[in-house]
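**Q** See start19.pdb below, with PDB, C-alpha atoms, pLDDT in the B column.
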```pdb
ATOM      1  CA  MET T   1       0.000   0.000   0.000  1.00 89.00           C
ATOM      2  CA  LYS T   2       1.400   3.381  -0.952  1.00 87.00           C
ATOM      3  CA  ARG T   3       1.972   6.147   1.541  1.00 88.00           C
ATOM      4  CA  GLU T   4      -0.842   8.669   2.003  1.00 86.00           C
ATOM      5  CA  ASN T   5      -0.599  12.428   2.477  1.00 85.00           C
ATOM      6  CA  TYR T   6       2.366  12.842   0.126  1.00 89.00           C
ATOM      7  CA  LEU T   7       2.825  16.130  -1.742  1.00 93.00           C
ATOM      8  CA  THR T   8       0.902  16.706  -4.945  1.00 94.00           C
ATOM      9  CA  TRP T   9       2.839  18.107  -7.905  1.00 97.00           C
ATOM     10  CA  ASP T  10       1.290  21.535  -7.246  1.00 97.00           C
ATOM     11  CA  GLN T  11       2.319  21.409  -3.576  1.00 96.00           C
ATOM     12  CA  TYR T  12       5.818  20.252  -4.469  1.00 97.00           C
ATOM     13  CA  PHE T  13       6.447  22.952  -7.063  1.00 98.00           C
ATOM     14  CA  MET T  14       4.847  25.754  -5.043  1.00 97.00           C
ATOM     15  CA  GLY T  15       6.939  24.635  -2.070  1.00 96.00           C
ATOM     16  CA  LEU T  16      10.040  25.032  -4.229  1.00 98.00           C
ATOM     17  CA  CYS T  17       8.843  28.527  -5.160  1.00 98.00           C
ATOM     18  CA  ILE T  18       8.452  29.468  -1.503  1.00 97.00           C
ATOM     19  CA  LEU T  19      11.869  28.022  -0.676  1.00 97.00           C
ATOM     20  CA  SER T  20      13.478  29.793  -3.665  1.00 98.00           C
ATOM     21  CA  GLY T  21      11.933  33.089  -2.571  1.00 98.00           C
ATOM     22  CA  GLU T  22      13.876  32.761   0.674  1.00 97.00           C
ATOM     23  CA  ARG T  23      17.053  33.465  -1.357  1.00 97.00           C
ATOM     24  CA  SER T  24      15.806  37.002  -2.062  1.00 97.00           C
ATOM     25  CA  LYS T  25      17.530  39.796  -0.152  1.00 96.00           C
ATOM     26  CA  ASP T  26      14.545  42.110  -0.674  1.00 96.00           C
ATOM     27  CA  PRO T  27      13.302  43.064   2.813  1.00 95.00           C
ATOM     28  CA  ASN T  28       9.695  43.444   1.616  1.00 95.00           C
ATOM     29  CA  SER T  29       9.040  40.898  -1.126  1.00 95.00           C
ATOM     30  CA  GLN T  30      10.372  37.369  -1.361  1.00 97.00           C
ATOM     31  CA  VAL T  31       9.064  35.912  -4.600  1.00 98.00           C
ATOM     32  CA  GLY T  32      10.043  32.535  -6.006  1.00 98.00           C
ATOM     33  CA  ALA T  33       9.348  30.840  -9.327  1.00 98.00           C
ATOM     34  CA  CYS T  34       9.685  27.310 -10.676  1.00 98.00           C
ATOM     35  CA  ILE T  35       9.369  26.243 -14.321  1.00 98.00           C
ATOM     36  CA  VAL T  36       8.450  22.626 -15.080  1.00 98.00           C
ATOM     37  CA  ASP T  37       8.058  20.727 -18.331  1.00 98.00           C
ATOM     38  CA  GLU T  38       5.241  18.449 -19.476  1.00 97.00           C
ATOM     39  CA  ASN T  39       6.820  15.534 -17.583  1.00 97.00           C
ATOM     40  CA  ASN T  40       6.893  17.462 -14.276  1.00 98.00           C
ATOM     41  CA  ARG T  41      10.649  17.841 -14.485  1.00 98.00           C
ATOM     42  CA  ILE T  42      12.125  21.032 -13.121  1.00 98.00           C
ATOM     43  CA  VAL T  43      13.578  23.197 -15.868  1.00 98.00           C
ATOM     44  CA  SER T  44      14.514  26.214 -13.779  1.00 98.00           C
ATOM     45  CA  LEU T  45      14.101  28.151 -10.535  1.00 98.00           C
ATOM     46  CA  GLY T  46      14.286  31.866  -9.835  1.00 98.00           C
ATOM     47  CA  TYR T  47      13.772  34.527  -7.191  1.00 98.00           C
ATOM     48  CA  ASN T  48      13.644  38.311  -7.160  1.00 98.00           C
ATOM     49  CA  GLY T  49      16.997  39.982  -6.834  1.00 96.00           C
ATOM     50  CA  ALA T  50      19.735  42.119  -8.334  1.00 95.00           C
ATOM     51  CA  PRO T  51      21.092  41.212 -11.781  1.00 95.00           C
ATOM     52  CA  MET T  52      24.135  38.938 -11.802  1.00 93.00           C
ATOM     53  CA  GLY T  53      27.248  41.005 -11.159  1.00 94.00           C
ATOM     54  CA  TYR T  54      25.345  43.933  -9.663  1.00 94.00           C
ATOM     55  CA  ASP T  55      26.481  44.168  -6.038  1.00 93.00           C
ATOM     56  CA  ASP T  56      23.302  43.913  -3.974  1.00 90.00           C
ATOM     57  CA  ASP T  57      25.165  45.080  -0.856  1.00 89.00           C
ATOM     58  CA  LYS T  58      27.030  48.047  -2.304  1.00 89.00           C
ATOM     59  CA  ASP T  59      25.090  49.119  -5.427  1.00 88.00           C
ATOM     60  CA  MET T  60      21.523  47.977  -4.746  1.00 90.00           C
ATOM     61  CA  THR T  61      18.840  49.986  -3.034  1.00 91.00           C
ATOM     62  CA  TRP T  62      15.871  48.107  -1.617  1.00 93.00           C
ATOM     63  CA  GLU T  63      13.736  51.222  -1.112  1.00 94.00           C
ATOM     64  CA  ARG T  64      10.127  51.170  -2.309  1.00 94.00           C
ATOM     65  CA  GLU T  65       9.479  54.909  -2.190  1.00 96.00           C
ATOM     66  CA  GLY T  66      11.236  57.874  -3.754  1.00 96.00           C
ATOM     67  CA  SER T  67      12.472  58.750  -7.210  1.00 96.00           C
ATOM     68  CA  PHE T  68      12.580  55.807  -9.593  1.00 95.00           C
ATOM     69  CA  LEU T  69      16.388  55.659  -9.731  1.00 94.00           C
ATOM     70  CA  ASN T  70      16.524  55.484  -5.936  1.00 93.00           C
ATOM     71  CA  THR T  71      14.128  52.540  -5.619  1.00 94.00           C
ATOM     72  CA  LYS T  72      14.514  48.813  -6.155  1.00 95.00           C
ATOM     73  CA  TYR T  73      12.102  48.921  -9.098  1.00 93.00           C
ATOM     74  CA  ALA T  74      14.761  50.292 -11.444  1.00 94.00           C
ATOM     75  CA  TYR T  75      17.163  47.438 -10.726  1.00 95.00           C
ATOM     76  CA  VAL T  76      15.551  44.239  -9.445  1.00 96.00           C
ATOM     77  CA  CYS T  77      14.949  41.207 -11.686  1.00 97.00           C
ATOM     78  CA  HIS T  78      11.680  39.469 -10.907  1.00 98.00           C
ATOM     79  CA  SER T  79      11.609  35.770 -10.098  1.00 98.00           C
ATOM     80  CA  GLU T  80       9.769  34.831 -13.300  1.00 98.00           C
ATOM     81  CA  LEU T  81      12.333  36.542 -15.525  1.00 98.00           C
ATOM     82  CA  ASN T  82      15.202  35.023 -13.555  1.00 98.00           C
ATOM     83  CA  ALA T  83      13.671  31.556 -13.913  1.00 98.00           C
ATOM     84  CA  ILE T  84      13.247  32.041 -17.673  1.00 98.00           C
ATOM     85  CA  LEU T  85      16.817  33.313 -18.052  1.00 97.00           C
ATOM     86  CA  ASN T  86      18.253  30.593 -15.764  1.00 96.00           C
ATOM     87  CA  ALA T  87      16.659  27.759 -17.755  1.00 97.00           C
ATOM     88  CA  ASN T  88      19.066  25.204 -19.181  1.00 92.00           C
ATOM     89  CA  LYS T  89      16.711  24.413 -22.068  1.00 96.00           C
ATOM     90  CA  SER T  90      13.756  25.966 -23.843  1.00 97.00           C
ATOM     91  CA  VAL T  91      10.764  26.715 -21.633  1.00 98.00           C
ATOM     92  CA  ARG T  92       8.351  26.518 -24.576  1.00 98.00           C
ATOM     93  CA  GLY T  93       5.315  24.475 -23.521  1.00 98.00           C
ATOM     94  CA  CYS T  94       6.251  24.587 -19.831  1.00 98.00           C
ATOM     95  CA  LYS T  95       4.283  25.620 -16.747  1.00 98.00           C
ATOM     96  CA  LEU T  96       5.418  28.384 -14.422  1.00 98.00           C
ATOM     97  CA  TYR T  97       4.697  28.243 -10.695  1.00 98.00           C
ATOM     98  CA  VAL T  98       5.171  31.552  -8.871  1.00 98.00           C
ATOM     99  CA  THR T  99       4.354  32.930  -5.433  1.00 98.00           C
ATOM    100  CA  LEU T 100       3.027  36.268  -6.785  1.00 98.00           C
ATOM    101  CA  PHE T 101       0.897  36.837  -9.889  1.00 98.00           C
ATOM    102  CA  PRO T 102       3.171  38.135 -12.676  1.00 98.00           C
ATOM    103  CA  CYS T 103       3.474  41.841 -13.419  1.00 97.00           C
ATOM    104  CA  ASN T 104       2.961  43.104 -16.970  1.00 97.00           C
ATOM    105  CA  GLU T 105       6.701  42.997 -17.751  1.00 97.00           C
ATOM    106  CA  CYS T 106       6.970  39.374 -16.627  1.00 98.00           C
ATOM    107  CA  ALA T 107       3.783  38.513 -18.520  1.00 98.00           C
ATOM    108  CA  LYS T 108       5.501  39.677 -21.712  1.00 98.00           C
ATOM    109  CA  ALA T 109       8.519  37.442 -20.987  1.00 98.00           C
ATOM    110  CA  ILE T 110       6.226  34.509 -20.162  1.00 98.00           C
ATOM    111  CA  ILE T 111       4.362  34.916 -23.443  1.00 98.00           C
ATOM    112  CA  GLN T 112       7.513  35.431 -25.534  1.00 98.00           C
ATOM    113  CA  SER T 113       9.226  32.390 -24.037  1.00 98.00           C
ATOM    114  CA  GLY T 114       6.296  30.081 -24.847  1.00 98.00           C
ATOM    115  CA  ILE T 115       5.199  29.194 -21.318  1.00 98.00           C
ATOM    116  CA  THR T 116       1.625  27.911 -21.557  1.00 98.00           C
ATOM    117  CA  GLU T 117       0.348  28.025 -17.961  1.00 98.00           C
ATOM    118  CA  VAL T 118       0.935  30.066 -14.811  1.00 98.00           C
ATOM    119  CA  ILE T 119       0.036  28.808 -11.336  1.00 98.00           C
ATOM    120  CA  TYR T 120       0.271  31.550  -8.709  1.00 98.00           C
ATOM    121  CA  LEU T 121      -0.055  31.697  -4.927  1.00 98.00           C
ATOM    122  CA  SER T 122      -0.846  35.367  -4.184  1.00 97.00           C
ATOM    123  CA  ASP T 123      -2.695  37.962  -6.224  1.00 96.00           C
ATOM    124  CA  LYS T 124      -2.348  40.911  -3.842  1.00 95.00           C
ATOM    125  CA  TYR T 125      -1.869  43.420  -6.696  1.00 94.00           C
ATOM    126  CA  LYS T 126      -4.889  42.146  -8.663  1.00 95.00           C
ATOM    127  CA  ASP T 127      -6.490  45.556  -9.176  1.00 94.00           C
ATOM    128  CA  THR T 128      -3.342  47.418 -10.253  1.00 96.00           C
ATOM    129  CA  GLU T 129      -3.025  48.545 -13.849  1.00 97.00           C
ATOM    130  CA  GLY T 130       0.057  46.339 -14.281  1.00 95.00           C
ATOM    131  CA  ASN T 131      -1.813  43.193 -13.279  1.00 96.00           C
ATOM    132  CA  ILE T 132      -4.847  44.144 -15.334  1.00 98.00           C
ATOM    133  CA  ALA T 133      -2.498  44.468 -18.324  1.00 98.00           C
ATOM    134  CA  SER T 134      -0.943  41.090 -17.440  1.00 98.00           C
ATOM    135  CA  ARG T 135      -4.298  39.352 -17.541  1.00 98.00           C
ATOM    136  CA  LYS T 136      -5.248  41.107 -20.760  1.00 98.00           C
ATOM    137  CA  MET T 137      -2.044  39.925 -22.476  1.00 98.00           C
ATOM    138  CA  LEU T 138      -2.134  36.394 -21.040  1.00 98.00           C
ATOM    139  CA  ASP T 139      -5.789  36.018 -22.092  1.00 98.00           C
ATOM    140  CA  ALA T 140      -5.169  37.392 -25.602  1.00 98.00           C
ATOM    141  CA  CYS T 141      -2.209  35.060 -26.112  1.00 98.00           C
ATOM    142  CA  GLY T 142      -3.870  31.926 -24.730  1.00 98.00           C
ATOM    143  CA  VAL T 143      -1.673  31.512 -21.660  1.00 98.00           C
ATOM    144  CA  LYS T 144      -3.741  29.803 -18.964  1.00 98.00           C
ATOM    145  CA  TYR T 145      -3.437  30.893 -15.361  1.00 98.00           C
ATOM    146  CA  ARG T 146      -4.944  29.678 -12.143  1.00 98.00           C
ATOM    147  CA  LYS T 147      -4.658  30.319  -8.448  1.00 98.00           C
ATOM    148  CA  TYR T 148      -2.855  27.650  -6.463  1.00 97.00           C
ATOM    149  CA  GLU T 149      -5.325  25.888  -4.183  1.00 93.00           C
ATOM    150  CA  GLU T 150      -3.857  25.758  -0.708  1.00 88.00           C
ATOM    151  CA  LYS T 151      -4.579  22.536   1.143  1.00 82.00           C
ATOM    152  CA  GLY T 152      -3.425  23.707   4.562  1.00 81.00           C
ATOM    153  CA  LYS T 153      -0.479  21.327   4.629  1.00 83.00           C
ATOM    154  CA  GLU T 154       2.381  22.642   6.726  1.00 86.00           C
ATOM    155  CA  LEU T 155       6.008  21.578   6.477  1.00 85.00           C
ATOM    156  CA  VAL T 156       8.790  22.639   8.794  1.00 88.00           C
ATOM    157  CA  ILE T 157      12.281  22.529   7.358  1.00 88.00           C
ATOM    158  CA  LYS T 158      15.240  22.883   9.701  1.00 88.00           C
ATOM    159  CA  LEU T 159      18.355  23.970   7.862  1.00 88.00           C
TER     160      LEU T 159
END
```
For this file, write the structure as structure tokens.
**A**
Amino acid sequence: MKRENYLTWDQYFMGLCILSGERSKDPNSQVGACIVDENNRIVSLGYNGAPMGYDDDKDMTWEREGSFLNTKYAYVCHSELNAILNANKSVRGCKLYVTLFPCNECAKAIIQSGITEVIYLSDKYKDTEGNIASRKMLDACGVKYRKYEEKGKELVIKL
């Protein structure tokens, strides 16, 4: 008899997103992403952070308010884009799991890269113009998206 209460694929991949988000140095937003192929094999992981080679201790600001050039928004790479860029093979036809619904810039990268489905955990910016634009583009281009259904399972990982 097989073991019961094991992780579903959705739980497994969203768990990897949450764990990946813990790599982010952003004090306000820890977002993780995981791209998987049609065989549920992991193609790539990503989290929000400074571009490779950009010193996130010396050069990076994590501020959310102020002039654009003095905020994180001018410099940070979102988890979805990092996962797409980190992939070791094409992501065409893959699914993207992510802890936060993609912004309009990430939606463009998702569409251009050929990802066919997005599974997201949080949609806290749902009514912003950026997320409205994301949905409009994803819908127009046939990219499916759905909210991750939490099952209330809790895991504690001691590292």
**Q** Considering all atoms listed in the file, can you say which of T:Glu80, T:Asn48, T:Ala74, T:Val36 comes closest to Cys94 of chain T?
**A**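 Among the listed residues, T:Val36 lies closest to Cys94 of chain T.
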**Q** Where does the PyMOL selection byres ((chain T and resi 106) around 12) land in this file, that is, which residues does it pick, as a tab-separated table (two decimals) with C-alpha atoms, in the frame of the given file?
**A**
```tsv
chain	number	residue	atom	x	y	z
T	33	ALA	CA	9.35	30.84	-9.33
T	48	ASN	CA	13.64	38.31	-7.16
T	77	CYS	CA	14.95	41.21	-11.69
T	78	HIS	CA	11.68	39.47	-10.91
T	79	SER	CA	11.61	35.77	-10.10
T	80	GLU	CA	9.77	34.83	-13.30
T	81	LEU	CA	12.33	36.54	-15.52
T	82	ASN	CA	15.20	35.02	-13.56
T	83	ALA	CA	13.67	31.56	-13.91
T	84	ILE	CA	13.25	32.04	-17.67
T	85	LEU	CA	16.82	33.31	-18.05
T	96	LEU	CA	5.42	28.38	-14.42
T	98	VAL	CA	5.17	31.55	-8.87
T	100	LEU	CA	3.03	36.27	-6.78
T	101	PHE	CA	0.90	36.84	-9.89
T	102	PRO	CA	3.17	38.14	-12.68
T	103	CYS	CA	3.47	41.84	-13.42
T	104	ASN	CA	2.96	43.10	-16.97
T	105	GLU	CA	6.70	43.00	-17.75
T	107	ALA	CA	3.78	38.51	-18.52
T	108	LYS	CA	5.50	39.68	-21.71
T	109	ALA	CA	8.52	37.44	-20.99
T	110	ILE	CA	6.23	34.51	-20.16
T	111	ILE	CA	4.36	34.92	-23.44
T	112	GLN	CA	7.51	35.43	-25.53
T	113	SER	CA	9.23	32.39	-24.04
T	115	ILE	CA	5.20	29.19	-21.32
T	118	VAL	CA	0.94	30.07	-14.81
T	130	GLY	CA	0.06	46.34	-14.28
T	131	ASN	CA	-1.81	43.19	-13.28
T	133	ALA	CA	-2.50	44.47	-18.32
T	134	SER	CA	-0.94	41.09	-17.44
T	135	ARG	CA	-4.30	39.35	-17.54
T	137	MET	CA	-2.04	39.92	-22.48
T	138	LEU	CA	-2.13	36.39	-21.04
```
**Q** Rank T:Tyr97, T:Thr116, T:Gly142, T:Asn5 by their smallest atom-to-atom distance to Cys17 of chain T, using all atoms listed in the file, and report the top residue only.
**A**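 Ranked by minimum distance to Cys17 of chain T, first place goes to T:Tyr97.
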**Q** Enter the distance from atom CA of Tyr12 of chain T to atom CA of Pro27 of chain T, in Å, rounded to one decimal.
**A** 25.1 Å
**Q** Need the neighbours of (19.0, 43.7, -9.0): which residues are at most 9 Å away, counting all atoms listed in the file, as an mmCIF file with C-alpha atoms, in the frame of the given file?
**A**
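Wrote part_33.cif, looks like this:
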```
data_model
loop_
_atom_site.group_PDB
_atom_site.id
_atom_site.type_symbol
_atom_site.label_atom_id
_atom_site.label_comp_id
_atom_site.auth_asym_id
_atom_site.auth_seq_id
_atom_site.Cartn_x
_atom_site.Cartn_y
_atom_site.Cartn_z
ATOM 1 C CA ASN T 48 13.644 38.311 -7.160
ATOM 2 C CA GLY T 49 16.997 39.982 -6.834
ATOM 3 C CA ALA T 50 19.735 42.119 -8.334
ATOM 4 C CA PRO T 51 21.092 41.212 -11.781
ATOM 5 C CA MET T 52 24.135 38.938 -11.802
ATOM 6 C CA GLY T 53 27.248 41.005 -11.159
ATOM 7 C CA TYR T 54 25.345 43.933 -9.663
ATOM 8 C CA ASP T 55 26.481 44.168 -6.038
ATOM 9 C CA ASP T 56 23.302 43.913 -3.974
ATOM 10 C CA ASP T 59 25.090 49.119 -5.427
ATOM 11 C CA MET T 60 21.523 47.977 -4.746
ATOM 12 C CA THR T 61 18.840 49.986 -3.034
ATOM 13 C CA LYS T 72 14.514 48.813 -6.155
ATOM 14 C CA TYR T 73 12.102 48.921 -9.098
ATOM 15 C CA ALA T 74 14.761 50.292 -11.444
ATOM 16 C CA TYR T 75 17.163 47.438 -10.726
ATOM 17 C CA VAL T 76 15.551 44.239 -9.445
ATOM 18 C CA CYS T 77 14.949 41.207 -11.686
ATOM 19 C CA HIS T 78 11.680 39.469 -10.907
#
```
**Q** Could you please determine the separation between atom CA of Ile35 of chain T and atom CA of Thr128 of chain T in Å, to one decimal place?
**A** 25.0 Å
**Q** Residues near Gly21 of chain T, anyone? I mean within 6 Å using all atoms listed in the file, not counting same-chain ones fewer than 5 positions away, as a ChimeraX atom specification.
**A** /T:30-32,47
**Q** Please write the residues from the selection above to a file, keeping C-alpha atoms, as an mmCIF file, in the coordinates of the input.
**A**
```
data_model
loop_
_atom_site.group_PDB
_atom_site.id
_atom_site.type_symbol
_atom_site.label_atom_id
_atom_site.label_comp_id
_atom_site.auth_asym_id
_atom_site.auth_seq_id
_atom_site.Cartn_x
_atom_site.Cartn_y
_atom_site.Cartn_z
ATOM 1 C CA GLN T 30 10.372 37.369 -1.361
ATOM 2 C CA VAL T 31 9.064 35.912 -4.600
ATOM 3 C CA GLY T 32 10.043 32.535 -6.006
ATOM 4 C CA TYR T 47 13.772 34.527 -7.191
#
```
**Q** Report, as AutoDock Vina command-line options, the axis-aligned box around all atoms of segment 81-84 of chain T present in the file, extended by 5 Å on each side; give centre and edge lengths in Å to one decimal place.
**A**
```
--center_x 13.8 --center_y 34.0 --center_z -15.6 --size_x 12.9 --size_y 15.0 --size_z 14.1
```
**Q** Just the number, please: distance in Å from atom CA of Lys136 of chain T to atom CA of Gly114 of chain T, one decimal.
**A** 16.5 Å
**Q** Fewer than 3 positions away in the same chain doesn't count, so skip those; otherwise give me all residues within 12 Å of Phe13 of chain T, counting only C-alpha atoms, as a ChimeraX atom specification.
**A** /T:7-10,16-20,32-37,40-45,95-99,118-121,148
**Q** Which residue gives the smallest distance to Tyr145 of chain T among T:Glu38, T:Glu4, T:Glu117, T:Asp127, with only C-alpha atoms counted?
**A** T:Glu117
**Q** Looking at only C-alpha atoms, which of T:Asn70, T:Glu65, T:Gly46, T:Lys144 is the one that sits closest to Ser24 of chain T?
**A**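 That would be T:Gly46, the residue with the smallest distance to Ser24 of chain T.
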